[in-house]
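A.B. asks: File model_29.txt follows (compact mmCIF, C-alpha atoms):
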```
# COMPACT_ATOMS: atom_id res chain seq x y z
CA MET S 1 -35.56 -2.94 64.25
CA LYS S 2 -35.70 -6.43 62.88
CA GLN S 3 -38.71 -7.03 60.74
CA ARG S 4 -41.02 -9.85 61.62
CA PHE S 5 -42.96 -11.33 58.74
CA THR S 6 -46.44 -12.78 59.09
CA ARG S 7 -46.96 -16.44 58.37
CA SER S 8 -48.44 -15.81 54.90
CA GLN S 9 -45.54 -13.48 54.03
CA LYS S 10 -43.05 -16.12 55.15
CA MET S 11 -44.87 -18.69 53.06
CA THR S 12 -44.61 -16.47 49.97
CA ILE S 13 -40.92 -15.85 50.63
CA VAL S 14 -40.10 -19.52 51.09
CA GLN S 15 -42.00 -20.44 47.94
CA GLY S 16 -40.13 -17.79 45.95
CA ILE S 17 -36.79 -19.00 47.27
CA LEU S 18 -37.78 -22.60 46.54
CA CYS S 19 -38.57 -21.69 42.90
CA ILE S 20 -35.25 -19.88 42.42
CA VAL S 21 -33.24 -22.70 44.01
CA LEU S 22 -35.09 -25.24 41.85
CA ILE S 23 -34.28 -23.30 38.66
CA ILE S 24 -30.62 -23.04 39.65
CA ASP S 25 -30.52 -26.78 40.40
CA ILE S 26 -31.96 -27.63 36.98
CA LEU S 27 -29.37 -25.35 35.38
CA GLN S 28 -26.61 -27.12 37.31
CA LEU S 29 -27.91 -30.54 36.27
CA TRP S 30 -27.91 -29.51 32.61
CA LEU S 31 -24.40 -28.07 33.03
CA LEU S 32 -23.14 -31.29 34.63
CA THR S 33 -24.47 -33.49 31.81
CA ALA S 34 -23.10 -31.14 29.14
CA THR S 35 -19.70 -31.03 30.86
CA MET S 36 -19.57 -34.81 31.21
CA ASN S 37 -20.45 -35.18 27.53
CA SER S 38 -17.68 -32.81 26.45
CA TYR S 39 -15.18 -34.44 28.85
CA LEU S 40 -15.92 -37.89 27.45
CA GLY S 41 -15.56 -36.43 23.98
CA GLY S 42 -12.02 -35.32 24.80
CA ASP S 43 -12.68 -31.57 25.15
CA SER S 44 -10.42 -30.42 27.99
CA GLY S 45 -11.34 -26.70 27.87
CA VAL S 46 -14.88 -27.01 29.21
CA PRO S 47 -14.67 -28.59 32.72
CA LEU S 48 -12.92 -25.72 34.57
CA PRO S 49 -15.22 -22.83 33.48
CA ALA S 50 -18.23 -25.10 34.01
CA ALA S 51 -17.06 -25.97 37.53
CA LEU S 52 -16.55 -22.28 38.34
CA PHE S 53 -20.04 -21.45 37.11
CA SER S 54 -21.45 -24.33 39.16
CA LEU S 55 -19.61 -23.00 42.20
CA ILE S 56 -21.21 -19.58 41.68
CA CYS S 57 -24.62 -21.26 41.48
CA LEU S 58 -23.91 -23.08 44.75
CA GLY S 59 -22.91 -19.77 46.34
CA LEU S 60 -26.22 -18.24 45.23
CA ASN S 61 -28.13 -21.19 46.66
CA LEU S 62 -26.25 -20.98 49.96
CA GLY S 63 -27.00 -17.25 50.13
CA LEU S 64 -30.69 -17.91 49.66
CA LEU S 65 -30.59 -20.66 52.30
CA ARG S 66 -28.86 -18.28 54.70
CA PHE S 67 -31.64 -15.76 54.13
CA LEU S 68 -34.14 -18.50 54.96
CA TYR S 69 -32.35 -19.27 58.22
CA LYS S 70 -32.22 -15.57 59.06
CA LEU S 71 -35.94 -15.30 58.39
CA ASP S 72 -36.67 -17.93 61.03
CA ARG S 73 -34.12 -16.51 63.45
CA ASN S 74 -35.58 -12.99 63.18
CA ASN S 75 -39.05 -14.30 63.86
CA ALA S 76 -37.86 -16.34 66.82
CA SER S 77 -35.94 -13.42 68.35
CA SER S 78 -38.77 -10.92 67.86
CA LYS S 79 -41.16 -13.43 69.43
CA GLY S 80 -38.83 -13.77 72.41
CA GLY S 81 -38.60 -9.98 72.77
CA GLN S 82 -42.35 -9.52 73.14
CA MET Z 1 -45.29 -3.72 64.65
CA GLN Z 2 -48.62 -5.37 65.47
CA HIS Z 3 -48.81 -9.12 65.21
CA ASP Z 4 -51.87 -11.17 64.67
CA ASP Z 5 -51.50 -13.94 67.21
CA SER Z 6 -54.43 -15.84 65.77
CA GLU Z 7 -52.24 -16.91 62.87
CA GLU Z 8 -50.06 -18.83 65.29
CA LEU Z 9 -53.03 -21.03 66.25
CA SER Z 10 -53.73 -24.33 64.63
CA LEU Z 11 -55.73 -23.91 61.46
CA ALA Z 12 -57.64 -26.71 59.82
CA PRO Z 13 -57.64 -26.94 55.98
CA ASN Z 14 -61.39 -26.19 55.83
CA GLY Z 15 -60.92 -22.96 57.83
CA LEU Z 16 -63.57 -23.77 60.44
CA PRO Z 17 -62.81 -23.20 64.14
CA LEU Z 18 -61.48 -26.08 66.18
CA SER Z 19 -64.82 -26.60 67.94
CA ASP Z 20 -66.49 -27.37 64.56
CA GLN Z 21 -63.87 -29.90 63.52
CA PRO Z 22 -64.35 -33.65 63.72
CA ARG Z 23 -63.33 -35.29 66.95
CA TRP Z 24 -60.12 -36.81 65.58
CA ARG Z 25 -58.90 -33.39 64.48
CA GLN Z 26 -59.75 -31.90 67.84
CA ASP Z 27 -57.69 -34.62 69.50
CA PHE Z 28 -54.77 -34.33 67.06
CA PRO Z 29 -54.80 -30.78 65.69
CA ILE Z 30 -52.29 -30.19 62.91
CA ASP Z 31 -51.12 -26.72 62.09
CA VAL Z 32 -51.41 -27.15 58.32
CA PRO Z 33 -49.95 -23.78 57.17
CA GLN Z 34 -47.00 -24.23 59.51
CA ASP Z 35 -46.61 -27.80 58.27
CA ASN Z 36 -46.60 -26.54 54.65
CA TYR Z 37 -44.06 -23.85 55.50
CA ILE Z 38 -41.69 -26.31 57.16
CA SER Z 39 -41.99 -28.89 54.37
CA ARG Z 40 -41.11 -26.25 51.73
CA ARG Z 41 -38.23 -24.97 53.84
CA GLU Z 42 -36.88 -28.50 54.30
CA PHE Z 43 -37.24 -29.21 50.57
CA THR Z 44 -35.29 -26.03 49.81
CA LYS Z 45 -32.51 -27.26 52.12
CA PHE Z 46 -32.49 -30.59 50.30
CA LEU Z 47 -32.23 -28.78 46.94
CA VAL Z 48 -29.23 -26.79 48.18
CA LEU Z 49 -27.62 -30.07 49.21
CA THR Z 50 -28.30 -31.38 45.69
CA SER Z 51 -26.69 -28.24 44.31
CA ALA Z 52 -23.59 -29.00 46.41
CA ALA Z 53 -23.55 -32.54 45.00
CA PHE Z 54 -23.68 -31.19 41.41
CA THR Z 55 -20.78 -28.86 42.21
CA ALA Z 56 -18.83 -31.78 43.69
CA GLY Z 57 -19.49 -33.69 40.45
CA GLN Z 58 -18.10 -30.79 38.43
CA GLY Z 59 -15.04 -30.77 40.69
CA TRP Z 60 -14.56 -34.48 40.07
CA ILE Z 61 -14.66 -33.92 36.30
CA VAL Z 62 -12.06 -31.12 36.64
CA LEU Z 63 -9.84 -33.50 38.65
CA LYS Z 64 -10.17 -36.32 36.11
CA ASN Z 65 -9.54 -33.88 33.27
CA TRP Z 66 -6.43 -32.58 35.02
CA GLN Z 67 -5.19 -36.16 35.52
CA ARG Z 68 -5.85 -36.98 31.87
CA GLU Z 69 -4.00 -33.90 30.66
CA GLY Z 70 -1.02 -34.71 32.90
CA ALA Z 71 -0.78 -38.34 31.83
CA ALA Z 72 1.85 -39.33 29.29
CA PRO Z 73 0.53 -40.30 25.84
CA PRO Z 74 0.15 -44.06 25.41
CA PRO Z 75 3.16 -45.75 23.82
CA ALA Z 76 3.05 -47.19 20.32
CA GLN Z 77 2.05 -50.83 20.31
CA LYS Z 78 2.23 -53.40 17.54
CA ILE Z 79 -1.22 -54.90 17.11
CA ALA Z 80 -1.02 -57.08 14.00
CA THR Z 81 0.53 -57.61 10.59
CA LEU Z 82 -1.33 -57.05 7.34
CA ALA Z 83 -1.35 -60.80 6.72
CA GLU Z 84 -3.29 -61.37 9.94
CA ILE Z 85 -6.27 -59.29 8.87
CA PRO Z 86 -7.95 -60.19 5.57
CA VAL Z 87 -9.91 -57.70 3.46
CA GLY Z 88 -13.39 -57.46 4.96
CA GLY Z 89 -12.09 -58.82 8.24
CA ALA Z 90 -11.85 -57.52 11.79
CA LEU Z 91 -9.52 -58.12 14.69
CA VAL Z 92 -9.89 -57.42 18.41
CA PHE Z 93 -6.91 -55.97 20.24
CA TYR Z 94 -6.35 -54.13 23.52
CA TYR Z 95 -5.00 -50.60 23.60
CA PRO Z 96 -3.69 -48.63 25.52
CA ASN Z 97 -4.15 -51.23 28.32
CA ASP Z 98 -5.69 -54.66 28.83
CA HIS Z 99 -9.03 -53.15 29.91
CA GLU Z 100 -9.64 -51.28 26.66
CA PRO Z 101 -10.81 -53.59 23.87
CA CYS Z 102 -10.52 -52.15 20.36
CA LEU Z 103 -11.51 -53.21 16.85
CA LEU Z 104 -9.19 -53.17 13.87
CA LEU Z 105 -11.18 -53.19 10.64
CA ARG Z 106 -10.11 -53.64 7.03
CA PRO Z 107 -13.12 -52.71 4.89
CA ASP Z 108 -11.03 -52.80 1.69
CA ALA Z 109 -7.45 -53.58 0.65
CA GLU Z 110 -6.28 -49.97 1.05
CA THR Z 111 -8.09 -48.99 4.22
CA LEU Z 112 -7.39 -49.80 7.85
CA VAL Z 113 -9.37 -48.22 10.66
CA ALA Z 114 -9.51 -48.92 14.37
CA TYR Z 115 -11.98 -47.85 17.04
CA SER Z 116 -12.62 -48.52 20.70
CA GLN Z 117 -14.98 -51.47 21.07
CA LYS Z 118 -16.93 -49.77 23.87
CA CYS Z 119 -20.19 -48.25 22.69
CA THR Z 120 -20.39 -44.56 23.62
CA HIS Z 121 -23.92 -45.12 24.95
CA LEU Z 122 -23.43 -47.62 27.79
CA SER Z 123 -20.08 -49.26 27.00
CA CYS Z 124 -21.46 -52.48 25.48
CA ALA Z 125 -19.10 -54.25 23.08
CA VAL Z 126 -19.79 -53.18 19.50
CA MET Z 127 -19.61 -55.74 16.65
CA PRO Z 128 -18.32 -55.13 13.11
CA ASP Z 129 -20.86 -55.51 10.31
CA LEU Z 130 -18.70 -54.70 7.30
CA GLU Z 131 -21.24 -56.01 4.76
CA ASN Z 132 -23.49 -53.11 5.73
CA GLN Z 133 -20.59 -50.70 6.32
CA ARG Z 134 -21.46 -50.25 9.97
CA ILE Z 135 -20.42 -51.23 13.47
CA HIS Z 136 -23.38 -52.52 15.40
CA CYS Z 137 -24.13 -52.37 19.11
CA PRO Z 138 -26.48 -55.26 19.97
CA CYS Z 139 -27.50 -53.92 23.40
CA HIS Z 140 -29.74 -51.08 22.19
CA ASN Z 141 -29.49 -51.41 18.40
CA GLY Z 142 -27.12 -48.54 17.93
CA SER Z 143 -24.77 -48.41 14.98
CA PHE Z 144 -21.73 -46.44 13.84
CA SER Z 145 -20.24 -45.86 10.41
CA VAL Z 146 -17.15 -47.89 9.54
CA ALA Z 147 -15.44 -45.00 7.75
CA GLU Z 148 -15.68 -42.43 10.55
CA GLY Z 149 -17.03 -44.23 13.60
CA ARG Z 150 -19.84 -41.68 13.83
CA PRO Z 151 -23.23 -42.70 15.23
CA LEU Z 152 -25.77 -43.59 12.54
CA GLU Z 153 -28.78 -44.76 14.53
CA GLY Z 154 -29.90 -45.74 17.99
CA PRO Z 155 -29.12 -44.09 21.31
CA PRO Z 156 -25.36 -43.34 20.94
CA GLN Z 157 -24.68 -39.61 20.52
CA ARG Z 158 -20.88 -39.52 20.38
CA PRO Z 159 -18.59 -41.22 17.85
CA LEU Z 160 -16.40 -44.13 18.89
CA PRO Z 161 -12.91 -43.10 20.05
CA ARG Z 162 -10.58 -43.59 17.09
CA ILE Z 163 -7.30 -45.46 17.50
CA VAL Z 164 -4.53 -43.75 15.53
CA LEU Z 165 -2.76 -46.33 13.37
CA GLU Z 166 0.65 -46.35 11.77
CA LEU Z 167 1.85 -48.80 9.15
CA GLN Z 168 5.52 -49.75 9.29
CA GLY Z 169 6.23 -52.20 6.47
CA ASP Z 170 3.50 -54.78 6.91
CA GLU Z 171 3.21 -54.23 10.65
CA ILE Z 172 0.32 -52.24 12.07
CA TYR Z 173 0.96 -50.10 15.15
CA ALA Z 174 -1.49 -48.27 17.40
CA THR Z 175 0.01 -44.91 18.39
CA GLY Z 176 -2.76 -43.00 20.14
CA VAL Z 177 -6.43 -42.65 21.09
CA GLU Z 178 -8.47 -39.81 19.65
CA LEU Z 179 -11.59 -38.88 21.64
CA ARG Z 180 -14.21 -36.99 19.64
CA THR Z 181 -17.51 -35.20 20.10
```
Written as structure tokens, that's how I'd like the structure from this file.

C.D. replies:
Amino acid sequence: MKQRFTRSQKMTIVQGILCIVLIIDILQLWLLTATMNSYLGGDSGVPLPAALFSLICLGLNLGLLRFLYKLDRNNASSKGGQ
Amino acid sequence: MQHDDSEELSLAPNGLPLSDQPRWRQDFPIDVPQDNYISRREFTKFLVLTSAAFTAGQGWIVLKNWQREGAAPPPAQKIATLAEIPVGGALVFYYPNDHEPCLLLRPDAETLVAYSQKCTHLSCAVMPDLENQRIHCPCHNGSFSVAEGRPLEGPPQRPLPRIVLELQGDEIYATGVELRT
């Protein structure tokens, strides 16, 4: 059985996800500036690992967004089933 | 699972029932909690889009880095003769192409140094100030040391790219660009 969350529960979930995504975004911004600085300084070993890490962060964010979509879909389907 | 349908009704911020609300709110009821939920959800989507943009930026840096690594080193280029640059003097030249202005400096009779003329802060043209043993950027009052090209004051954080020089007889050649952190 798909679980339907109440409005206040959904609000808490979306706020938690928003906080995590925000932290990951700030981390990515810092990583981008640090990578650009090292690239302009001629360091060629940094960009690839940094890009891979950034890609992992994007994957995490997309996973969280998918969960958010599923949350709305579950609620919509359980509402339709009533 | 039991659901409380009342939470799907429009709720005013003051929590009073709709009948006790002012007329304008009765006419245009706004479901504030639902509005808050949707605005946070939409902001989260925007942040994920931002995350994708940061990742695209990282990919662009990887591409540029790959291109830079694959490029052939710049060829040696004669830039001046010793007679053309007096002690305490400076000379502007372009290396490795016409869009890259550089400074050749001769702080004393035995020393020749050359740096890119683009400030590492915002690419303003830096000016030699050999009396004070520094290279000055007039845009934001940054300065670099003449001996090493390292930032001394102001906003620049990285040293100026150094142009590798080679002396053949009395002719001065530029043979490479050394980027530094």

A.B. asks: Counting only C-alpha atoms, give me one row per residue of chain Z with an atom at most 10 Å from an atom of chain S, showing the shortest contact pair and its distance in Å to one decimal, sorted by chain then residue number, as JSON lines.

C.D. replies:
```
{"residue": "Z:Met1", "atom": "CA", "partner": "S:Arg4", "partner_atom": "CA", "distance": 8.1}
{"residue": "Z:Gln2", "atom": "CA", "partner": "S:Arg4", "partner_atom": "CA", "distance": 9.6}
{"residue": "Z:His3", "atom": "CA", "partner": "S:Thr6", "partner_atom": "CA", "distance": 7.5}
{"residue": "Z:Asp4", "atom": "CA", "partner": "S:Thr6", "partner_atom": "CA", "distance": 8.0}
{"residue": "Z:Asp5", "atom": "CA", "partner": "S:Thr6", "partner_atom": "CA", "distance": 9.6}
{"residue": "Z:Glu7", "atom": "CA", "partner": "S:Arg7", "partner_atom": "CA", "distance": 7.0}
{"residue": "Z:Glu8", "atom": "CA", "partner": "S:Arg7", "partner_atom": "CA", "distance": 8.0}
{"residue": "Z:Pro33", "atom": "CA", "partner": "S:Arg7", "partner_atom": "CA", "distance": 8.0}
{"residue": "Z:Gln34", "atom": "CA", "partner": "S:Arg7", "partner_atom": "CA", "distance": 7.9}
{"residue": "Z:Asn36", "atom": "CA", "partner": "S:Met11", "partner_atom": "CA", "distance": 8.2}
{"residue": "Z:Tyr37", "atom": "CA", "partner": "S:Met11", "partner_atom": "CA", "distance": 5.8}
{"residue": "Z:Ile38", "atom": "CA", "partner": "S:Met11", "partner_atom": "CA", "distance": 9.2}
{"residue": "Z:Arg40", "atom": "CA", "partner": "S:Val14", "partner_atom": "CA", "distance": 6.8}
{"residue": "Z:Arg41", "atom": "CA", "partner": "S:Val14", "partner_atom": "CA", "distance": 6.4}
{"residue": "Z:Glu42", "atom": "CA", "partner": "S:Leu18", "partner_atom": "CA", "distance": 9.8}
{"residue": "Z:Phe43", "atom": "CA", "partner": "S:Leu18", "partner_atom": "CA", "distance": 7.8}
{"residue": "Z:Thr44", "atom": "CA", "partner": "S:Leu18", "partner_atom": "CA", "distance": 5.4}
{"residue": "Z:Lys45", "atom": "CA", "partner": "S:Leu65", "partner_atom": "CA", "distance": 6.9}
{"residue": "Z:Leu47", "atom": "CA", "partner": "S:Val21", "partner_atom": "CA", "distance": 6.8}
{"residue": "Z:Val48", "atom": "CA", "partner": "S:Asn61", "partner_atom": "CA", "distance": 5.9}
{"residue": "Z:Leu49", "atom": "CA", "partner": "S:Leu58", "partner_atom": "CA", "distance": 9.1}
{"residue": "Z:Thr50", "atom": "CA", "partner": "S:Asp25", "partner_atom": "CA", "distance": 7.4}
{"residue": "Z:Ser51", "atom": "CA", "partner": "S:Asp25", "partner_atom": "CA", "distance": 5.7}
{"residue": "Z:Ala52", "atom": "CA", "partner": "S:Leu58", "partner_atom": "CA", "distance": 6.2}
{"residue": "Z:Ala53", "atom": "CA", "partner": "S:Leu58", "partner_atom": "CA", "distance": 9.5}
{"residue": "Z:Phe54", "atom": "CA", "partner": "S:Gln28", "partner_atom": "CA", "distance": 6.5}
{"residue": "Z:Thr55", "atom": "CA", "partner": "S:Ser54", "partner_atom": "CA", "distance": 5.5}
{"residue": "Z:Ala56", "atom": "CA", "partner": "S:Ala51", "partner_atom": "CA", "distance": 8.7}
{"residue": "Z:Gly57", "atom": "CA", "partner": "S:Leu32", "partner_atom": "CA", "distance": 7.3}
{"residue": "Z:Gln58", "atom": "CA", "partner": "S:Ala51", "partner_atom": "CA", "distance": 5.0}
{"residue": "Z:Gly59", "atom": "CA", "partner": "S:Ala51", "partner_atom": "CA", "distance": 6.1}
{"residue": "Z:Trp60", "atom": "CA", "partner": "S:Ala51", "partner_atom": "CA", "distance": 9.2}
{"residue": "Z:Ile61", "atom": "CA", "partner": "S:Pro47", "partner_atom": "CA", "distance": 6.4}
{"residue": "Z:Val62", "atom": "CA", "partner": "S:Pro47", "partner_atom": "CA", "distance": 5.3}
{"residue": "Z:Leu63", "atom": "CA", "partner": "S:Pro47", "partner_atom": "CA", "distance": 9.1}
{"residue": "Z:Lys64", "atom": "CA", "partner": "S:Tyr39", "partner_atom": "CA", "distance": 9.0}
{"residue": "Z:Asn65", "atom": "CA", "partner": "S:Ser44", "partner_atom": "CA", "distance": 6.4}
{"residue": "Z:Trp66", "atom": "CA", "partner": "S:Ser44", "partner_atom": "CA", "distance": 8.4}
{"residue": "Z:Arg68", "atom": "CA", "partner": "S:Ser44", "partner_atom": "CA", "distance": 8.9}
{"residue": "Z:Glu69", "atom": "CA", "partner": "S:Ser44", "partner_atom": "CA", "distance": 7.8}
{"residue": "Z:Thr120", "atom": "CA", "partner": "S:Leu40", "partner_atom": "CA", "distance": 8.9}
{"residue": "Z:Gln157", "atom": "CA", "partner": "S:Asn37", "partner_atom": "CA", "distance": 9.3}
{"residue": "Z:Arg158", "atom": "CA", "partner": "S:Gly41", "partner_atom": "CA", "distance": 7.1}
{"residue": "Z:Pro159", "atom": "CA", "partner": "S:Gly41", "partner_atom": "CA", "distance": 8.3}
{"residue": "Z:Leu160", "atom": "CA", "partner": "S:Gly41", "partner_atom": "CA", "distance": 9.3}
{"residue": "Z:Pro161", "atom": "CA", "partner": "S:Gly41", "partner_atom": "CA", "distance": 8.2}
{"residue": "Z:Val177", "atom": "CA", "partner": "S:Gly42", "partner_atom": "CA", "distance": 9.9}
{"residue": "Z:Glu178", "atom": "CA", "partner": "S:Gly42", "partner_atom": "CA", "distance": 7.7}
{"residue": "Z:Leu179", "atom": "CA", "partner": "S:Gly42", "partner_atom": "CA", "distance": 4.8}
{"residue": "Z:Arg180", "atom": "CA", "partner": "S:Gly41", "partner_atom": "CA", "distance": 4.6}
{"residue": "Z:Thr181", "atom": "CA", "partner": "S:Gly41", "partner_atom": "CA", "distance": 4.5}
```

A.B. asks: To one decimal place in Å, what is the distance between CA of Ala114 (chain Z) and CA of Pro138 (chain Z)?

C.D. replies: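 These two atoms are separated by 19.0 Å.
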
A.B. asks: What's the separation between CA of Ala147 (chain Z) and CA of Thr111 (chain Z), in Å to one decimal place?

C.D. replies: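 Taking CA of Ala147 (chain Z) as the start and CA of Thr111 (chain Z) as the end point, the length is 9.1 Å.
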
A.B. asks: Would you compute the distance between CA of Pro74 (chain Z) and CA of Cys102 (chain Z)? Give it in Å to one decimal.

C.D. replies: 14.3 Å

A.B. asks: With distances taken over all atoms listed in the file, which residue among Z:Gln67, Z:Asn97, Z:Asn141, Z:Gln77 lies nearest Leu122 (chain Z)?

C.D. replies: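 Of Z:Gln67, Z:Asn97, Z:Asn141, Z:Gln77, the one nearest Leu122 (chain Z) is Z:Asn141, counting all atoms listed in the file.
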
A.B. asks: I want to know what sits within 12 Å of Pro13 (chain Z), based on only C-alpha atoms, with residues of the same chain fewer than 2 positions away left out; could you give that as a list in words?

C.D. replies: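 What passes the distance filter is Ser10, Leu11, Gly15, Leu16, Pro17, Leu18, Gln21, Arg25, Pro29, Ile30, Asp31, Val32, Pro33, Gln34, Asp35 and Asn36 of chain Z.
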
A.B. asks: For Ile163 (chain Z), which of Z:Thr81, Z:Ser123, Z:Ser143, Z:Thr175 is the closest residue, counting all atoms listed in the file?

C.D. replies: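 That would be Z:Thr175, the residue with the smallest distance to Ile163 (chain Z).
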
A.B. asks: May I ask which of the residues Z:Ala76, Z:Pro22, Z:Cys137, Z:Asp27 is the closest one to Gln168 (chain Z), counting all atoms listed in the file?

C.D. replies: Z:Ala76
